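Chemist: Provided herewith is a single structure, encoded as structure tokens, for subsequent inquiry.
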Number of protein chains: 2
Amino acid sequence: MSVLIVGTTALDSIKTPKAENPRLLGGSASHAAVAASFFAPVRLVGVVGEDFPERYIRLYRKHGICLAGLHRAPGKTFHWSGEYEVNMNHRRTLHTELGVIENFNPNLPAAYRRSPYVLLANIAPALQMRVLDQMHRPKFVIADTMDLWLNVAKDDLLKLLRRVDALVLNDSEAHQLTETDNVFNAIPRIHKLGPRHVIVKKGEHGAVLSGPSGRFVTPAYPLRKVVDPTGAGDSFVGGLIGYLAASKGPVEKNLRKAMVHGTVAASFCCEGFGLNRTTKVTRQHIDERVRQFEKLVRF
Amino acid sequence: MSVLIVGTTALDSIKTPKAENPRLLGGSASHAAVAASFFAPVRLVGVVGEDFPERYIRLYRKHGICLAGLHRAPGKTFHWSGEYEVNMNHRRTLHTELGVIENFNPNLPAAYRRSPYVLLANIAPALQMRVLDQMHRPKFVIADTMDLWLNVAKDDLLKLLRRVDALVLNDSEAHQLTETDNVFNAIPRIHKLGPRHVIVKKGEHGAVLSGPSGRFVTPAYPLRKVVDPTGAGDSFVGGLIGYLAASKGPVEKNLRKAMVHGTVAASFCCEGFGLNRTTKVTRQHIDERVRQFEKLVRF
């Protein structure tokens, strides 16, 4: 079954202690869509400007991503630039240029409105809701978010949370949202805000799922070298929903394996700048790494 | 089979944002011995001063810990006092009084010298080696350490590493020892220093094992409330070696399950000040939590 993904489609300029890479394909929707595309057909909803390189359009297409919902607007593509510290755990934003995303008002192609799986990747909660308003009874809706929206659009975010099946956020965001300093304290409070499923990402320390079938805790896939972690969280949730969309049976039954496939998608993301590594990966590479992961965690 | 444990036997005065607890039973050997005692007979090697409370001797005995190797020396018991920050992830030492530990020269009872399992819990590497010198072909030797010894006794530590089967250390110590900032880079470098098995503790983020059968990654047991993490690492390695000593078959086959039992022992340790919670636990509580843990990580 197909996955509809809305989020940012951006150009990322990324500096690490070892290298500098300008104007890479980035954005939450780009990372999530490529990761999801290994498992299921993807429909992308986003906006790019006149400066968006044609080679990135080809790259989406190479991954079979449907672009009927990708708007091209007059003006510049959303551009983010950031810098990572030596250990890759902390980054700081150098510059943000909203460009065409500032006036984005997603209008979904008719065919998209019955997509069974919906990923509201990180973008303003008002836009996430506008997409949801146009959907016809989706089977499973996941929302991702970021600290910015907790700061500037918390009311919108809280409204959104009452309408989604799952919220994905990282540990510091979970702490901020619930004013606690412990993930396992934060989770029940987030459930009370709406989502039946809560997924907390902990970067190199893995992720936690909480839902009707209890909790699931998974480490990250061990990497000896992290080249660029930008988009790892988006790849995680993209791989997760892609795997769900491709799996038979109730979502509940497939969620843990989906978390593991998301974990593996995120690991590939970290091994190259932007989408450089992920776009060279095949489903076979992912399945092989999932098998490795099973060996790593079994006891 | 029995486990010989050498390390510090101390009095800990612990301050957290919520409470202050003076002169608790503490020390690496105390925590490790109690955790190991749930699984196997334990022989404790350490030194206490004249001020060591009789009730702590009774507490060791309640756990069936053999005290033939616990020396009582003139002077004061090793006393550590420290303070935790709000989120319990950082602590600072307020005061250290070495007392009788300063002139400790462990002399093992004859019966102890053939103990098959040996835990060199955190104490000066020179003392860890002195114990090892007296052992007769132990089956499996684990050494724990701390940042202090990396700073003031690195040469001794490096000598020790060539004589042990396993080194246990936390992630920041692994980084310091190998001058890397990535656990999975540090591990092969530590293997080169001697130990066939390397176990890196990551606190609330779990632990990693590397050895001849490959790597094993496990999360920590999820806790909603951490009362006092002092001794959690010692409880982890104590539970680990206790489980190994109680298990049939080659160590290699049992190590992953031993890691999980250590993880659970550490979780109980965190739920009370000092050994307050651990000493109220039974093997049944541990087994029940191991079953919960299995459900948490299976996919």
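Ordering of the structure tokens sets the chain letters (A, B, ...), residue numbers begin anew at 1 in every chain, and ligands are numbered from 1 in the order given.
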Do me a favour and pick out the residues of chain B within 12 Å of chain A, using only C-alpha atoms, as number ranges by chain.
Modeler: B: 85-89, 175, 180-188, 202-211, 213-226, 252-261, 290, 292-299
Chemist: Neighbours of range 114-126 of chain A within 9 Å (only C-alpha atoms; same-chain residues fewer than 2 positions away dropped), as a PyMOL selection string?
Modeler: chain A and resi 1-8+27-29+32+43+110-112+128-132+135-146+148-149+153-154+156-160+234+237-238+241-242+244-245
Chemist: What's around Asn21 in chain B at 9 Å? Count only C-alpha atoms, leave out sequence neighbours fewer than 5 positions away in its own chain, and write the answer as a list in words.
Modeler: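 Here the answer would be Asp12, Ser13, Ile14, Lys15, Thr16, Phe273 and Gly274 of chain B.
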Chemist: Taking only range 6-185 of chain B into account, list the residues labelled strand (DSSP E or B) by DSSP (computed from the backbone), as a ChimeraX atom specification.
Modeler: /B:6,10-15,20-26,42-48,66-72,79-84,91-97,117-120,140-144,166-170
Chemist: For Phe52 in chain A, which of A:Gly64, A:Gly26, A:Gly69, A:Gly239 is the closest residue, counting only C-alpha atoms?
Modeler: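 Smallest separation from Phe52 in chain A among the options: A:Gly26.
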Chemist: Considering only C-alpha atoms, state which residue in the set B:Lys280, B:His90, B:Arg72, B:His79 is at the smallest distance from Leu25 in chain B.
Modeler: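 So, comparing all the options, the nearest one is B:His79.
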Chemist: Could you work out how far CA of Thr230 in chain B lies from CA of Glu173 in chain B, giving the answer in Å with one decimal?
Modeler: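 Straight-line distance from CA of Glu173 in chain B to CA of Thr230 in chain B works out to 16.6 Å.
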